[in-house]
>>> print(open('start.txt').read())   # compact mmCIF, N, CA and C atoms
# COMPACT_ATOMS: atom_id res chain seq x y z
N MET A 275 0.84 -1.16 0.00
CA MET A 275 0.00 0.00 0.00
C MET A 275 0.90 1.23 0.00
N SER A 276 0.90 1.94 -1.04
CA SER A 276 1.57 3.22 -1.06
C SER A 276 0.55 4.22 -1.58
N ALA A 277 -0.05 4.90 -0.64
CA ALA A 277 -1.11 5.83 -1.00
C ALA A 277 -0.61 7.24 -0.82
N LYS A 278 -0.99 8.10 -1.72
CA LYS A 278 -0.61 9.49 -1.60
C LYS A 278 -1.88 10.32 -1.53
N GLU A 279 -1.92 11.21 -0.59
CA GLU A 279 -3.08 12.06 -0.40
C GLU A 279 -2.60 13.49 -0.60
N ASP A 280 -3.04 14.11 -1.66
CA ASP A 280 -2.57 15.45 -1.97
C ASP A 280 -3.58 16.50 -1.58
N ASN A 281 -3.12 17.49 -0.87
CA ASN A 281 -3.93 18.63 -0.47
C ASN A 281 -3.13 19.89 -0.71
N TRP A 282 -2.71 20.10 -1.95
CA TRP A 282 -1.85 21.24 -2.25
C TRP A 282 -2.61 22.49 -2.65
N THR A 283 -3.92 22.43 -2.68
CA THR A 283 -4.67 23.59 -3.09
C THR A 283 -4.56 24.64 -2.01
N THR A 284 -3.87 25.72 -2.32
CA THR A 284 -3.69 26.78 -1.34
C THR A 284 -4.21 28.08 -1.89
N GLU A 285 -4.73 28.90 -1.00
CA GLU A 285 -5.20 30.21 -1.39
C GLU A 285 -4.04 31.19 -1.43
N GLU A 286 -3.03 30.95 -0.62
CA GLU A 286 -1.86 31.82 -0.57
C GLU A 286 -0.67 31.05 -1.13
N GLY A 287 -0.05 31.57 -2.19
CA GLY A 287 1.04 30.87 -2.85
C GLY A 287 2.32 30.80 -2.04
N ASP A 288 2.44 31.61 -0.98
CA ASP A 288 3.70 31.66 -0.24
C ASP A 288 3.74 30.69 0.94
N GLN A 289 2.71 29.90 1.14
CA GLN A 289 2.70 28.95 2.25
C GLN A 289 3.64 27.79 1.98
N GLU A 290 4.27 27.29 3.05
CA GLU A 290 5.15 26.15 2.90
C GLU A 290 4.36 24.89 2.58
N ARG A 291 4.93 24.09 1.71
CA ARG A 291 4.35 22.78 1.41
C ARG A 291 4.95 21.76 2.36
N TRP A 292 4.13 20.89 2.86
CA TRP A 292 4.56 19.84 3.79
C TRP A 292 4.39 18.49 3.13
N GLU A 293 5.49 17.74 3.04
CA GLU A 293 5.44 16.37 2.54
C GLU A 293 5.77 15.45 3.70
N LEU A 294 4.82 14.59 4.03
CA LEU A 294 4.96 13.68 5.15
C LEU A 294 4.85 12.25 4.65
N ARG A 295 5.68 11.39 5.20
CA ARG A 295 5.66 9.97 4.83
C ARG A 295 5.51 9.17 6.12
N LEU A 296 4.49 8.33 6.15
CA LEU A 296 4.24 7.50 7.32
C LEU A 296 4.55 6.05 6.97
N TYR A 297 5.51 5.48 7.68
CA TYR A 297 5.89 4.08 7.49
C TYR A 297 5.11 3.21 8.46
N VAL A 298 4.49 2.15 7.95
CA VAL A 298 3.77 1.19 8.77
C VAL A 298 4.17 -0.21 8.32
N ALA A 299 3.81 -1.21 9.12
CA ALA A 299 4.02 -2.61 8.74
C ALA A 299 2.68 -3.30 8.83
N GLY A 300 1.89 -3.17 7.77
CA GLY A 300 0.52 -3.68 7.78
C GLY A 300 -0.38 -2.69 8.49
N MET A 301 -1.67 -2.83 8.29
CA MET A 301 -2.62 -1.92 8.92
C MET A 301 -3.04 -2.45 10.29
N THR A 302 -2.09 -2.43 11.19
CA THR A 302 -2.33 -2.85 12.57
C THR A 302 -3.12 -1.75 13.29
N GLY A 303 -3.49 -2.01 14.51
CA GLY A 303 -4.19 -1.00 15.31
C GLY A 303 -3.35 0.26 15.47
N ALA A 304 -2.06 0.09 15.72
CA ALA A 304 -1.18 1.26 15.88
C ALA A 304 -1.06 2.03 14.57
N ALA A 305 -1.00 1.32 13.46
CA ALA A 305 -0.90 1.98 12.16
C ALA A 305 -2.17 2.77 11.85
N LYS A 306 -3.33 2.16 12.09
CA LYS A 306 -4.60 2.85 11.85
C LYS A 306 -4.71 4.09 12.73
N SER A 307 -4.30 3.95 13.96
CA SER A 307 -4.33 5.07 14.90
C SER A 307 -3.40 6.19 14.43
N ALA A 308 -2.20 5.82 13.98
CA ALA A 308 -1.24 6.81 13.50
C ALA A 308 -1.78 7.56 12.28
N VAL A 309 -2.40 6.83 11.35
CA VAL A 309 -2.97 7.47 10.15
C VAL A 309 -4.07 8.44 10.55
N SER A 310 -4.96 8.00 11.40
CA SER A 310 -6.07 8.84 11.85
C SER A 310 -5.57 10.08 12.59
N ASN A 311 -4.64 9.87 13.51
CA ASN A 311 -4.09 10.99 14.28
C ASN A 311 -3.37 11.98 13.38
N LEU A 312 -2.60 11.47 12.42
CA LEU A 312 -1.86 12.34 11.51
C LEU A 312 -2.81 13.18 10.66
N LYS A 313 -3.86 12.56 10.15
CA LYS A 313 -4.82 13.31 9.33
C LYS A 313 -5.48 14.42 10.14
N LYS A 314 -5.83 14.14 11.39
CA LYS A 314 -6.44 15.16 12.25
C LYS A 314 -5.48 16.32 12.49
N ILE A 315 -4.23 16.00 12.78
CA ILE A 315 -3.23 17.04 13.04
C ILE A 315 -3.02 17.89 11.79
N CYS A 316 -2.91 17.24 10.65
CA CYS A 316 -2.68 17.97 9.39
C CYS A 316 -3.85 18.88 9.05
N GLU A 317 -5.06 18.38 9.20
CA GLU A 317 -6.23 19.20 8.89
C GLU A 317 -6.34 20.39 9.82
N GLU A 318 -5.97 20.19 11.07
CA GLU A 318 -6.07 21.28 12.05
C GLU A 318 -4.97 22.33 11.85
N HIS A 319 -3.76 21.89 11.54
CA HIS A 319 -2.61 22.80 11.52
C HIS A 319 -2.06 23.12 10.13
N LEU A 320 -2.31 22.25 9.15
CA LEU A 320 -1.70 22.42 7.82
C LEU A 320 -2.72 22.34 6.69
N ALA A 321 -3.96 22.61 6.97
CA ALA A 321 -5.02 22.43 5.98
C ALA A 321 -4.66 23.05 4.63
N GLY A 322 -4.73 22.21 3.59
CA GLY A 322 -4.46 22.67 2.23
C GLY A 322 -3.00 22.79 1.88
N ARG A 323 -2.10 22.40 2.79
CA ARG A 323 -0.66 22.59 2.54
C ARG A 323 0.15 21.31 2.74
N TYR A 324 -0.47 20.15 2.67
CA TYR A 324 0.27 18.94 2.99
C TYR A 324 -0.08 17.79 2.05
N SER A 325 0.84 16.83 2.01
CA SER A 325 0.55 15.54 1.38
C SER A 325 1.07 14.47 2.32
N ILE A 326 0.35 13.37 2.35
CA ILE A 326 0.74 12.23 3.19
C ILE A 326 0.94 11.03 2.28
N GLU A 327 2.08 10.40 2.41
CA GLU A 327 2.34 9.15 1.71
C GLU A 327 2.44 8.06 2.76
N ILE A 328 1.64 7.02 2.61
CA ILE A 328 1.68 5.90 3.55
C ILE A 328 2.43 4.76 2.87
N VAL A 329 3.50 4.31 3.52
CA VAL A 329 4.34 3.25 2.97
C VAL A 329 4.22 2.02 3.87
N ASP A 330 3.70 0.94 3.31
CA ASP A 330 3.58 -0.32 4.04
C ASP A 330 4.85 -1.13 3.79
N LEU A 331 5.64 -1.28 4.84
CA LEU A 331 6.92 -1.98 4.70
C LEU A 331 6.77 -3.49 4.51
N LEU A 332 5.59 -4.02 4.74
CA LEU A 332 5.37 -5.44 4.42
C LEU A 332 5.32 -5.62 2.91
N GLU A 333 4.88 -4.60 2.20
CA GLU A 333 4.81 -4.66 0.74
C GLU A 333 6.08 -4.14 0.08
N LYS A 334 6.72 -3.15 0.67
CA LYS A 334 7.92 -2.54 0.09
C LYS A 334 8.99 -2.34 1.15
N PRO A 335 9.58 -3.44 1.65
CA PRO A 335 10.57 -3.32 2.74
C PRO A 335 11.83 -2.55 2.35
N GLN A 336 12.16 -2.52 1.06
CA GLN A 336 13.36 -1.84 0.61
C GLN A 336 13.29 -0.33 0.86
N LEU A 337 12.10 0.22 1.03
CA LEU A 337 11.95 1.66 1.24
C LEU A 337 12.37 2.10 2.65
N ALA A 338 12.49 1.16 3.57
CA ALA A 338 12.88 1.49 4.94
C ALA A 338 14.31 2.00 5.01
N GLU A 339 15.17 1.52 4.14
CA GLU A 339 16.58 1.88 4.20
C GLU A 339 16.82 3.36 3.90
N GLY A 340 16.12 3.90 2.93
CA GLY A 340 16.34 5.28 2.53
C GLY A 340 16.14 6.28 3.65
N ASP A 341 15.12 6.06 4.47
CA ASP A 341 14.85 6.96 5.59
C ASP A 341 15.33 6.38 6.92
N GLN A 342 16.08 5.31 6.87
CA GLN A 342 16.64 4.65 8.06
C GLN A 342 15.56 4.36 9.10
N ILE A 343 14.54 3.62 8.68
CA ILE A 343 13.43 3.28 9.55
C ILE A 343 13.78 2.03 10.35
N ILE A 344 13.69 2.13 11.67
CA ILE A 344 14.01 0.99 12.53
C ILE A 344 12.81 0.55 13.37
N ALA A 345 11.74 1.34 13.39
CA ALA A 345 10.52 1.01 14.13
C ALA A 345 9.33 1.56 13.36
N VAL A 346 8.17 0.96 13.58
CA VAL A 346 6.95 1.45 12.93
C VAL A 346 5.84 1.54 13.96
N PRO A 347 4.89 2.43 13.79
CA PRO A 347 4.84 3.45 12.75
C PRO A 347 5.86 4.56 13.00
N THR A 348 6.42 5.07 11.90
CA THR A 348 7.35 6.20 11.94
C THR A 348 6.89 7.23 10.93
N LEU A 349 6.82 8.47 11.38
CA LEU A 349 6.46 9.58 10.52
C LEU A 349 7.74 10.34 10.17
N VAL A 350 7.91 10.60 8.88
CA VAL A 350 9.08 11.36 8.41
C VAL A 350 8.58 12.62 7.73
N ARG A 351 9.07 13.76 8.21
CA ARG A 351 8.76 15.03 7.55
C ARG A 351 9.83 15.24 6.49
N GLN A 352 9.45 15.13 5.21
CA GLN A 352 10.36 15.29 4.09
C GLN A 352 10.57 16.78 3.78
N LEU A 353 9.47 17.51 3.70
CA LEU A 353 9.48 18.95 3.44
C LEU A 353 8.55 19.61 4.43
N PRO A 354 8.84 20.78 4.89
CA PRO A 354 10.03 21.58 4.63
C PRO A 354 11.23 21.03 5.41
N PRO A 355 12.44 21.33 4.91
CA PRO A 355 13.63 20.86 5.62
C PRO A 355 13.75 21.55 6.97
N PRO A 356 14.44 20.96 7.92
CA PRO A 356 15.17 19.69 7.86
C PRO A 356 14.23 18.50 8.05
N VAL A 357 14.71 17.32 7.66
CA VAL A 357 13.96 16.09 7.85
C VAL A 357 13.80 15.85 9.35
N ARG A 358 12.61 15.46 9.75
CA ARG A 358 12.34 15.12 11.15
C ARG A 358 11.60 13.80 11.19
N LYS A 359 11.79 13.04 12.29
CA LYS A 359 11.14 11.75 12.44
C LYS A 359 10.45 11.66 13.79
N ILE A 360 9.29 11.02 13.78
CA ILE A 360 8.54 10.77 15.01
C ILE A 360 8.08 9.32 14.96
N ILE A 361 8.34 8.59 16.04
CA ILE A 361 7.97 7.18 16.12
C ILE A 361 6.77 7.04 17.05
N GLY A 362 5.79 6.24 16.65
CA GLY A 362 4.65 5.95 17.51
C GLY A 362 3.34 6.19 16.80
N ASP A 363 2.24 6.11 17.57
CA ASP A 363 0.90 6.23 16.97
C ASP A 363 0.43 7.68 16.84
N LEU A 364 1.28 8.63 17.21
CA LEU A 364 1.03 10.07 17.04
C LEU A 364 -0.16 10.56 17.86
N SER A 365 -0.47 9.86 18.96
CA SER A 365 -1.61 10.24 19.79
C SER A 365 -1.33 11.43 20.69
N ALA A 366 -0.08 11.72 20.97
CA ALA A 366 0.27 12.89 21.79
C ALA A 366 0.38 14.09 20.86
N THR A 367 -0.77 14.66 20.53
CA THR A 367 -0.85 15.71 19.51
C THR A 367 0.13 16.85 19.76
N ASP A 368 0.20 17.34 20.99
CA ASP A 368 1.09 18.46 21.29
C ASP A 368 2.55 18.11 20.99
N LYS A 369 2.95 16.90 21.33
CA LYS A 369 4.33 16.48 21.08
C LYS A 369 4.59 16.32 19.58
N VAL A 370 3.60 15.86 18.83
CA VAL A 370 3.75 15.72 17.38
C VAL A 370 3.90 17.09 16.74
N VAL A 371 3.08 18.04 17.15
CA VAL A 371 3.14 19.40 16.60
C VAL A 371 4.51 20.02 16.89
N VAL A 372 5.01 19.84 18.10
CA VAL A 372 6.34 20.36 18.45
C VAL A 372 7.42 19.60 17.68
N GLY A 373 7.29 18.28 17.61
CA GLY A 373 8.28 17.46 16.91
C GLY A 373 8.38 17.78 15.43
N LEU A 374 7.24 18.11 14.82
CA LEU A 374 7.24 18.48 13.40
C LEU A 374 7.62 19.94 13.20
N ASP A 375 7.65 20.69 14.28
CA ASP A 375 7.95 22.13 14.25
C ASP A 375 6.90 22.88 13.45
N ILE A 376 5.63 22.58 13.75
CA ILE A 376 4.52 23.29 13.10
C ILE A 376 4.30 24.59 13.84
N ARG A 377 4.36 25.68 13.12
CA ARG A 377 4.16 27.00 13.72
C ARG A 377 2.67 27.31 13.78
N PRO A 378 2.28 28.08 14.79
CA PRO A 378 0.86 28.47 14.88
C PRO A 378 0.42 29.25 13.65
N LYS A 379 -0.86 29.11 13.31
CA LYS A 379 -1.41 29.86 12.19
C LYS A 379 -1.37 31.34 12.51
N LYS A 380 -1.11 32.15 11.49
CA LYS A 380 -1.08 33.60 11.69
C LYS A 380 -2.43 34.20 11.44
>>> encode(input="start.txt", output="structure tokens")
Amino acid sequence: MSAKEDNWTTEEGDQERWELRLYVAGMTGAAKSAVSNLKKICEEHLAGRYSIEIVDLLEKPQLAEGDQIIAVPTLVRQLPPPVRKIIGDLSATDKVVVGLDIRPKK
């Protein structure tokens, strides 16, 4: 399963684009929770400025090496730089927002 969800439609052209990749190993309870939590966080803080790619390592294990994935679920912020990683089901919303370095809306 490699699904891409694009939400690049922005009203302001100067907003940063966010590319996020979530690594999972099958759609376990933790993986489903991570997907759900990530979508909620993105809609609340990055609406219209993000894309999420879900990579199932059971189907494409070779993709783990590129981002040095050692545990799942792992979220990798590809853009904007620098790359950041968060491991877990992303249920601690405040910690995820800080970990991704999401700035408050202006």
>>> residues_around(input="start.txt", residues="A:Leu296", least_positions_apart="4", cutoff="7 Å", atoms="only N, CA and C atoms", output="list in words")
Ile326, Glu327, Ile328, Val329, Asp330, Pro347, Thr348, Leu349 and Val350 of chain A
>>> select_by_dssp(input="start.txt", residues="chain A", states="strand (DSSP E)", output="count of residues only")
30
>>> closest_residue(input="start.txt", among="A:Pro356, A:Gly373, A:Gly300, A:Pro378", to="A:Leu332", atoms="only C-alpha atoms")
A:Gly300
>>> closest_residue(input="start.txt", among="A:Arg291, A:Ile360, A:Asp341, A:Lys306", to="A:Arg323", atoms="all atoms listed in the file")
A:Arg291
>>> atom_distance(input="start.txt", atom1="atom CA of A:Gln336", atom2="atom CA of A:Val309")
21.1 Å
>>> atom_distance(input="start.txt", atom1="atom C of A:Lys313", atom2="atom N of A:Ala345")
21.9 Å
>>> select_by_dssp(input="start.txt", residues="chain A", states="alpha helix (DSSP H)", output="list in words")
Gly303, Ala304, Ala305, Lys306, Ser307, Ala308, Val309, Ser310, Asn311, Leu312, Lys313, Lys314, Ile315, Cys316, Glu317, Glu318, His319, Leu337, Ala338, Glu339, Gly340, Thr367, Asp368, Lys369, Val370, Val371, Val372, Gly373 and Leu374 of chain A
>>> write_last_selection(input="start.txt", atoms="N, CA and C atoms", output="PDB file, keeping the file's coordinate frame")
ATOM      1  N   GLY A 303      -3.490  -2.010  14.510  1.00  0.00           N
ATOM      2  CA  GLY A 303      -4.190  -1.000  15.310  1.00  0.00           C
ATOM      3  C   GLY A 303      -3.350   0.260  15.470  1.00  0.00           C
ATOM      4  N   ALA A 304      -2.060   0.090  15.720  1.00  0.00           N
ATOM      5  CA  ALA A 304      -1.180   1.260  15.880  1.00  0.00           C
ATOM      6  C   ALA A 304      -1.060   2.030  14.570  1.00  0.00           C
ATOM      7  N   ALA A 305      -1.000   1.320  13.460  1.00  0.00           N
ATOM      8  CA  ALA A 305      -0.900   1.980  12.160  1.00  0.00           C
ATOM      9  C   ALA A 305      -2.170   2.770  11.850  1.00  0.00           C
ATOM     10  N   LYS A 306      -3.330   2.160  12.090  1.00  0.00           N
ATOM     11  CA  LYS A 306      -4.600   2.850  11.850  1.00  0.00           C
ATOM     12  C   LYS A 306      -4.710   4.090  12.730  1.00  0.00           C
ATOM     13  N   SER A 307      -4.300   3.950  13.960  1.00  0.00           N
ATOM     14  CA  SER A 307      -4.330   5.070  14.900  1.00  0.00           C
ATOM     15  C   SER A 307      -3.400   6.190  14.430  1.00  0.00           C
ATOM     16  N   ALA A 308      -2.200   5.820  13.980  1.00  0.00           N
ATOM     17  CA  ALA A 308      -1.240   6.810  13.500  1.00  0.00           C
ATOM     18  C   ALA A 308      -1.780   7.560  12.280  1.00  0.00           C
ATOM     19  N   VAL A 309      -2.400   6.830  11.350  1.00  0.00           N
ATOM     20  CA  VAL A 309      -2.970   7.470  10.150  1.00  0.00           C
ATOM     21  C   VAL A 309      -4.070   8.440  10.550  1.00  0.00           C
ATOM     22  N   SER A 310      -4.960   8.000  11.400  1.00  0.00           N
ATOM     23  CA  SER A 310      -6.070   8.840  11.850  1.00  0.00           C
ATOM     24  C   SER A 310      -5.570  10.080  12.590  1.00  0.00           C
ATOM     25  N   ASN A 311      -4.640   9.870  13.510  1.00  0.00           N
ATOM     26  CA  ASN A 311      -4.090  10.990  14.280  1.00  0.00           C
ATOM     27  C   ASN A 311      -3.370  11.980  13.380  1.00  0.00           C
ATOM     28  N   LEU A 312      -2.600  11.470  12.420  1.00  0.00           N
ATOM     29  CA  LEU A 312      -1.860  12.340  11.510  1.00  0.00           C
ATOM     30  C   LEU A 312      -2.810  13.180  10.660  1.00  0.00           C
ATOM     31  N   LYS A 313      -3.860  12.560  10.150  1.00  0.00           N
ATOM     32  CA  LYS A 313      -4.820  13.310   9.330  1.00  0.00           C
ATOM     33  C   LYS A 313      -5.480  14.420  10.140  1.00  0.00           C
ATOM     34  N   LYS A 314      -5.830  14.140  11.390  1.00  0.00           N
ATOM     35  CA  LYS A 314      -6.440  15.160  12.250  1.00  0.00           C
ATOM     36  C   LYS A 314      -5.480  16.320  12.490  1.00  0.00           C
ATOM     37  N   ILE A 315      -4.230  16.000  12.780  1.00  0.00           N
ATOM     38  CA  ILE A 315      -3.230  17.040  13.040  1.00  0.00           C
ATOM     39  C   ILE A 315      -3.020  17.890  11.790  1.00  0.00           C
ATOM     40  N   CYS A 316      -2.910  17.240  10.650  1.00  0.00           N
ATOM     41  CA  CYS A 316      -2.680  17.970   9.390  1.00  0.00           C
ATOM     42  C   CYS A 316      -3.850  18.880   9.050  1.00  0.00           C
ATOM     43  N   GLU A 317      -5.060  18.380   9.200  1.00  0.00           N
ATOM     44  CA  GLU A 317      -6.230  19.200   8.890  1.00  0.00           C
ATOM     45  C   GLU A 317      -6.340  20.390   9.820  1.00  0.00           C
ATOM     46  N   GLU A 318      -5.970  20.190  11.070  1.00  0.00           N
ATOM     47  CA  GLU A 318      -6.070  21.280  12.050  1.00  0.00           C
ATOM     48  C   GLU A 318      -4.970  22.330  11.850  1.00  0.00           C
ATOM     49  N   HIS A 319      -3.760  21.890  11.540  1.00  0.00           N
ATOM     50  CA  HIS A 319      -2.610  22.800  11.520  1.00  0.00           C
ATOM     51  C   HIS A 319      -2.060  23.120  10.130  1.00  0.00           C
ATOM     52  N   LEU A 337      12.100   0.220   1.030  1.00  0.00           N
ATOM     53  CA  LEU A 337      11.950   1.660   1.240  1.00  0.00           C
ATOM     54  C   LEU A 337      12.370   2.100   2.650  1.00  0.00           C
ATOM     55  N   ALA A 338      12.490   1.160   3.570  1.00  0.00           N
ATOM     56  CA  ALA A 338      12.880   1.490   4.940  1.00  0.00           C
ATOM     57  C   ALA A 338      14.310   2.000   5.010  1.00  0.00           C
ATOM     58  N   GLU A 339      15.170   1.520   4.140  1.00  0.00           N
ATOM     59  CA  GLU A 339      16.580   1.880   4.200  1.00  0.00           C
ATOM     60  C   GLU A 339      16.820   3.360   3.900  1.00  0.00           C
ATOM     61  N   GLY A 340      16.120   3.900   2.930  1.00  0.00           N
ATOM     62  CA  GLY A 340      16.340   5.280   2.530  1.00  0.00           C
ATOM     63  C   GLY A 340      16.140   6.280   3.650  1.00  0.00           C
ATOM     64  N   THR A 367      -0.770  14.660  20.530  1.00  0.00           N
ATOM     65  CA  THR A 367      -0.850  15.710  19.510  1.00  0.00           C
ATOM     66  C   THR A 367       0.130  16.850  19.760  1.00  0.00           C
ATOM     67  N   ASP A 368       0.200  17.340  20.990  1.00  0.00           N
ATOM     68  CA  ASP A 368       1.090  18.460  21.290  1.00  0.00           C
ATOM     69  C   ASP A 368       2.550  18.110  20.990  1.00  0.00           C
ATOM     70  N   LYS A 369       2.950  16.900  21.330  1.00  0.00           N
ATOM     71  CA  LYS A 369       4.330  16.480  21.080  1.00  0.00           C
ATOM     72  C   LYS A 369       4.590  16.320  19.580  1.00  0.00           C
ATOM     73  N   VAL A 370       3.600  15.860  18.830  1.00  0.00           N
ATOM     74  CA  VAL A 370       3.750  15.720  17.380  1.00  0.00           C
ATOM     75  C   VAL A 370       3.900  17.090  16.740  1.00  0.00           C
ATOM     76  N   VAL A 371       3.080  18.040  17.150  1.00  0.00           N
ATOM     77  CA  VAL A 371       3.140  19.400  16.600  1.00  0.00           C
ATOM     78  C   VAL A 371       4.510  20.020  16.890  1.00  0.00           C
ATOM     79  N   VAL A 372       5.010  19.840  18.100  1.00  0.00           N
ATOM     80  CA  VAL A 372       6.340  20.360  18.450  1.00  0.00           C
ATOM     81  C   VAL A 372       7.420  19.600  17.680  1.00  0.00           C
ATOM     82  N   GLY A 373       7.290  18.280  17.610  1.00  0.00           N
ATOM     83  CA  GLY A 373       8.280  17.460  16.910  1.00  0.00           C
ATOM     84  C   GLY A 373       8.380  17.780  15.430  1.00  0.00           C
ATOM     85  N   LEU A 374       7.240  18.110  14.820  1.00  0.00           N
ATOM     86  CA  LEU A 374       7.240  18.480  13.400  1.00  0.00           C
ATOM     87  C   LEU A 374       7.620  19.940  13.200  1.00  0.00           C
TER      88      LEU A 374
END
>>> closest_residue(input="start.txt", among="A:Leu331, A:Glu290, A:Ile315, A:Gln342", to="A:Val371", atoms="only N, CA and C atoms")
A:Ile315
>>> atom_distance(input="start.txt", atom1="atom N of A:Val346", atom2="atom N of A:Ile361")
8.0 Å
>>> residues_near_point(input="start.txt", point="(5.7, 19.1, 6.9)", cutoff="6 Å", atoms="only C-alpha atoms", output="PyMOL selection string")
chain A and resi 292-294+351+353-354
>>> write_last_selection(input="start.txt", atoms="N, CA and C atoms", output="tab-separated table (two decimals), in the frame of the given file")
chain	number	residue	atom	x	y	z
A	292	TRP	N	4.13	20.89	2.86
A	292	TRP	CA	4.56	19.84	3.79
A	292	TRP	C	4.39	18.49	3.13
A	293	GLU	N	5.49	17.74	3.04
A	293	GLU	CA	5.44	16.37	2.54
A	293	GLU	C	5.77	15.45	3.70
A	294	LEU	N	4.82	14.59	4.03
A	294	LEU	CA	4.96	13.68	5.15
A	294	LEU	C	4.85	12.25	4.65
A	351	ARG	N	9.07	13.76	8.21
A	351	ARG	CA	8.76	15.03	7.55
A	351	ARG	C	9.83	15.24	6.49
A	353	LEU	N	9.47	17.51	3.70
A	353	LEU	CA	9.48	18.95	3.44
A	353	LEU	C	8.55	19.61	4.43
A	354	PRO	N	8.84	20.78	4.89
A	354	PRO	CA	10.03	21.58	4.63
A	354	PRO	C	11.23	21.03	5.41
>>> closest_residue(input="start.txt", among="A:Cys316, A:Ala321, A:Arg358, A:Tyr297", to="A:Leu374", atoms="only C-alpha atoms")
A:Arg358
>>> closest_residue(input="start.txt", among="A:Gln289, A:Ser325, A:Gly362, A:Pro335", to="A:Ser307", atoms="all atoms listed in the file")
A:Gly362
